[in-house]
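> Pasting coords-v6.pdb here (PDB, C-alpha atoms):
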```pdb
ATOM      1  CA  MET A1448      40.672 -72.039 -14.991
ATOM      2  CA  ALA A1449      38.271 -69.124 -15.179
ATOM      3  CA  VAL A1450      37.868 -65.383 -14.780
ATOM      4  CA  THR A1451      35.983 -64.480 -11.610
ATOM      5  CA  LEU A1452      34.584 -61.544  -9.672
ATOM      6  CA  THR A1453      34.659 -61.096  -5.937
ATOM      7  CA  GLU A1454      31.310 -60.504  -4.278
ATOM      8  CA  ALA A1455      32.108 -56.765  -3.968
ATOM      9  CA  ALA A1456      32.936 -56.504  -7.687
ATOM     10  CA  ALA A1457      29.797 -58.434  -8.659
ATOM     11  CA  ARG A1458      27.618 -56.112  -6.541
ATOM     12  CA  HIS A1459      29.215 -53.046  -8.141
ATOM     13  CA  VAL A1460      28.763 -54.372 -11.685
ATOM     14  CA  GLN A1461      25.149 -55.434 -11.030
ATOM     15  CA  LYS A1462      24.344 -51.996  -9.602
ATOM     16  CA  TYR A1463      25.547 -50.317 -12.797
ATOM     17  CA  ILE A1464      23.766 -52.819 -15.061
ATOM     18  CA  ASP A1465      20.573 -52.073 -13.137
ATOM     19  CA  ARG A1466      21.126 -48.313 -13.558
ATOM     20  CA  ARG A1467      21.766 -48.763 -17.288
ATOM     21  CA  GLY A1468      18.562 -50.731 -17.622
ATOM     22  CA  LYS A1469      20.211 -53.316 -19.886
ATOM     23  CA  GLY A1470      23.259 -55.523 -20.163
ATOM     24  CA  LEU A1471      24.199 -59.184 -20.020
ATOM     25  CA  GLY A1472      27.289 -58.740 -17.888
ATOM     26  CA  LEU A1473      30.813 -57.372 -17.859
ATOM     27  CA  ARG A1474      33.134 -57.762 -20.851
ATOM     28  CA  LEU A1475      36.763 -58.050 -19.799
ATOM     29  CA  GLY A1476      39.621 -57.937 -22.283
ATOM     30  CA  VAL A1477      43.112 -56.663 -22.945
ATOM     31  CA  LYS A1478      44.493 -54.166 -25.439
ATOM     32  CA  THR A1479      47.979 -53.127 -26.460
ATOM     33  CA  SER A1480      48.749 -49.973 -24.521
ATOM     34  CA  GLY A1481      50.934 -48.251 -21.976
ATOM     35  CA  CYS A1482      54.582 -48.536 -21.104
ATOM     36  CA  SER A1483      54.408 -52.221 -20.109
ATOM     37  CA  GLY A1484      52.606 -53.449 -23.211
ATOM     38  CA  MET A1485      49.025 -54.339 -22.286
ATOM     39  CA  ALA A1486      46.107 -52.722 -20.470
ATOM     40  CA  TYR A1487      42.858 -54.107 -19.126
ATOM     41  CA  LYS A1488      39.660 -53.202 -20.930
ATOM     42  CA  LEU A1489      36.274 -53.219 -19.153
ATOM     43  CA  GLU A1490      32.862 -52.527 -20.651
ATOM     44  CA  PHE A1491      29.293 -53.625 -20.271
ATOM     45  CA  ALA A1492      28.268 -56.402 -22.628
ATOM     46  CA  ASP A1493      24.953 -56.249 -24.430
ATOM     47  CA  GLU A1494      25.647 -59.355 -26.530
ATOM     48  CA  ILE A1495      27.725 -62.501 -26.467
ATOM     49  CA  HIS A1496      29.788 -63.393 -29.535
ATOM     50  CA  ASP A1497      30.512 -66.907 -30.790
ATOM     51  CA  ASP A1498      34.183 -66.705 -29.750
ATOM     52  CA  ASP A1499      33.441 -65.473 -26.197
ATOM     53  CA  GLN A1500      33.938 -67.476 -23.039
ATOM     54  CA  VAL A1501      31.319 -66.795 -20.382
ATOM     55  CA  TYR A1502      31.915 -67.244 -16.658
ATOM     56  CA  GLU A1503      29.590 -66.395 -13.803
ATOM     57  CA  SER A1504      30.342 -65.079 -10.329
ATOM     58  CA  PHE A1505      27.631 -64.167  -7.825
ATOM     59  CA  ASN A1506      25.015 -64.193 -10.637
ATOM     60  CA  VAL A1507      26.993 -61.741 -12.812
ATOM     61  CA  LYS A1508      28.367 -62.886 -16.167
ATOM     62  CA  VAL A1509      31.997 -62.177 -17.053
ATOM     63  CA  ILE A1510      32.532 -62.337 -20.813
ATOM     64  CA  VAL A1511      36.039 -62.745 -22.259
ATOM     65  CA  ASP A1512      36.974 -62.953 -25.943
ATOM     66  CA  GLU A1513      39.224 -65.838 -26.989
ATOM     67  CA  LYS A1514      42.180 -63.565 -27.866
ATOM     68  CA  SER A1515      42.237 -62.044 -24.366
ATOM     69  CA  LEU A1516      41.666 -65.292 -22.472
ATOM     70  CA  PRO A1517      45.310 -66.504 -22.418
ATOM     71  CA  TYR A1518      46.290 -63.238 -20.697
ATOM     72  CA  LEU A1519      43.337 -63.249 -18.272
ATOM     73  CA  ASP A1520      42.820 -66.927 -17.409
ATOM     74  CA  GLY A1521      42.767 -67.252 -13.614
ATOM     75  CA  THR A1522      42.189 -63.541 -13.010
ATOM     76  CA  GLU A1523      40.009 -62.391 -10.121
ATOM     77  CA  LEU A1524      38.509 -58.923 -10.377
ATOM     78  CA  ASP A1525      37.843 -57.151  -7.095
ATOM     79  CA  TYR A1526      36.278 -53.787  -6.280
ATOM     80  CA  THR A1527      37.877 -51.915  -3.392
ATOM     81  CA  ARG A1528      37.683 -48.621  -1.538
ATOM     82  CA  GLU A1529      40.743 -47.233   0.173
ATOM     83  CA  GLY A1530      40.227 -43.781   1.625
ATOM     84  CA  LEU A1531      39.015 -41.530  -1.182
ATOM     85  CA  ASN A1532      40.098 -43.993  -3.883
ATOM     86  CA  GLU A1533      37.871 -46.714  -5.225
ATOM     87  CA  GLY A1534      37.970 -48.964  -8.242
ATOM     88  CA  PHE A1535      38.600 -52.361  -9.706
ATOM     89  CA  ARG A1536      41.691 -54.362  -8.769
ATOM     90  CA  PHE A1537      42.975 -57.139 -10.973
ATOM     91  CA  HIS A1538      44.557 -60.183  -9.350
ATOM     92  CA  ASN A1539      46.090 -61.779 -12.443
ATOM     93  CA  PRO A1540      48.410 -64.786 -11.939
ATOM     94  CA  ASN A1541      49.745 -64.302 -15.493
ATOM     95  CA  GLU A1542      51.033 -60.789 -14.814
ATOM     96  CA  LYS A1543      54.836 -60.704 -14.643
ATOM     97  CA  SER A1544      55.225 -56.964 -14.083
ATOM     98  CA  HIS A1545      53.316 -53.716 -14.302
ATOM     99  CA  CYS A1546      54.248 -50.097 -14.850
ATOM    100  CA  GLY A1547      54.666 -47.670 -11.979
ATOM    101  CA  CYS A1548      51.477 -45.794 -12.795
ATOM    102  CA  GLY A1549      49.456 -49.026 -12.722
ATOM    103  CA  GLU A1550      47.915 -48.470 -16.157
ATOM    104  CA  SER A1551      49.564 -51.365 -17.981
ATOM    105  CA  PHE A1552      51.080 -54.793 -17.393
ATOM    106  CA  HIS A1553      53.310 -57.429 -18.992
ATOM    107  CA  VAL A1554      52.824 -61.196 -19.171
TER
END
```
Go ahead and render the structure in this file as structure tokens.

Amino acid sequence: MAVTLTEAAARHVQKYIDRRGKGLGLRLGVKTSGCSGMAYKLEFADEIHDDDQVYESFNVKVIVDEKSLPYLDGTELDYTREGLNEGFRFHNPNEKSHCGCGESFHV
């Protein structure tokens, strides 16, 4: 499997990489946090480590460390706008439940 971006998410990430003036792609990971146990972590990647897995969607690299990969494998990251709200949406087939506030999840 892989970790992918929708076209809308890839456009959004590329726009911010262009504004930054540097970056290899988007680093996606998980951290222990929140009431359900884990939270998604997003940041721009300026380097690729030996233990990273690199995927590409719409010419944008998605970089995932090996510890996060079992929790994220098969995930699609989308970028949506609904009314005044906009942001990334995670479609993670490994997610069993998530907290009411949407900040954390459980696998």
> Identify all residues satisfying the PyMOL selection byres ((chain A and resi 1454) around 8) in the given file; provide them as a PyMOL selection string.
chain A and resi 1452-1453+1455-1458+1504-1505+1525
> Interatomic distance between CA of Ile1510 in chain A and CA of Leu1531 in chain A?
29.3 Å
> Could you check the closest approach to Gly1476 in chain A for each of A:Asp1497, A:Glu1542, A:Glu1490, A:Glu1523 and tell me which residue wins, using all atoms listed in the file?
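Of A:Asp1497, A:Glu1542, A:Glu1490, A:Glu1523, the one nearest Gly1476 in chain A, counting all atoms listed in the file, is A:Glu1490.
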> For Arg1474 in chain A, please output as a tab-separated table (two decimals) with C-alpha atoms, in the coordinates of the input all residues within 6 Å (counting all atoms listed in the file; exclusion window: fewer than 6 positions along the same chain).

```tsv
chain	number	residue	atom	x	y	z
A	1489	LEU	CA	36.27	-53.22	-19.15
A	1490	GLU	CA	32.86	-52.53	-20.65
A	1491	PHE	CA	29.29	-53.62	-20.27
A	1492	ALA	CA	28.27	-56.40	-22.63
A	1509	VAL	CA	32.00	-62.18	-17.05
A	1510	ILE	CA	32.53	-62.34	-20.81
A	1511	VAL	CA	36.04	-62.74	-22.26
```
> With only C-alpha atoms as the basis for distance, which of A:Thr1479, A:His1496, A:Glu1533, A:Gly1470 is at the shortest distance from Tyr1518 in chain A?
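The shortest atom-to-atom distance to Tyr1518 in chain A comes from A:Thr1479.
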> Can you pull out every residue within 9 Å of Val1477 in chain A, counting all atoms listed in the file, but drop anything in the same chain fewer than 5 positions away, and send it as an mmCIF file with C-alpha atoms, in the coordinates of the input?

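Writing done, so here's out.cif:
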```
data_model
loop_
_atom_site.group_PDB
_atom_site.id
_atom_site.type_symbol
_atom_site.label_atom_id
_atom_site.label_comp_id
_atom_site.auth_asym_id
_atom_site.auth_seq_id
_atom_site.Cartn_x
_atom_site.Cartn_y
_atom_site.Cartn_z
ATOM 1 C CA MET A 1485 49.025 -54.339 -22.286
ATOM 2 C CA ALA A 1486 46.107 -52.722 -20.470
ATOM 3 C CA TYR A 1487 42.858 -54.107 -19.126
ATOM 4 C CA LYS A 1488 39.660 -53.202 -20.930
ATOM 5 C CA LEU A 1489 36.274 -53.219 -19.153
ATOM 6 C CA LYS A 1514 42.180 -63.565 -27.866
ATOM 7 C CA SER A 1515 42.237 -62.044 -24.366
ATOM 8 C CA LEU A 1516 41.666 -65.292 -22.472
ATOM 9 C CA TYR A 1518 46.290 -63.238 -20.697
ATOM 10 C CA LEU A 1519 43.337 -63.249 -18.272
#
```
> To one decimal place in Å, what is the distance between CA of His1459 in chain A and CA of Arg1528 in chain A?
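Atom-to-atom, CA of His1459 in chain A to CA of Arg1528 in chain A, that is 11.6 Å.
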> Evaluate the PyMOL selection byres ((chain A and resi 1540) around 8) and record the selected residues as number ranges by chain, following the chain and residue labels used in the document.
A: 1521-1522, 1538-1539, 1541-1542
> Please produce an output containing C-alpha atoms for each residue in the selection, written as a PDB file, keeping the file's coordinate frame.

```
ATOM      1  CA  GLY A1521      42.767 -67.252 -13.614  1.00  0.00           C
ATOM      2  CA  THR A1522      42.189 -63.541 -13.010  1.00  0.00           C
ATOM      3  CA  HIS A1538      44.557 -60.183  -9.350  1.00  0.00           C
ATOM      4  CA  ASN A1539      46.090 -61.779 -12.443  1.00  0.00           C
ATOM      5  CA  ASN A1541      49.745 -64.302 -15.493  1.00  0.00           C
ATOM      6  CA  GLU A1542      51.033 -60.789 -14.814  1.00  0.00           C
TER       7      GLU A1542
END
```
> Mind pulling up the distance from CA of Tyr1526 in chain A to CA of Asp1493 in chain A?
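So the answer is 21.5 Å.
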> Name the residues captured by the PyMOL selection byres ((chain A and resi 1448) around 8) when it is applied to the shown file; answer as a PyMOL selection string.
chain A and resi 1449-1450+1520-1521
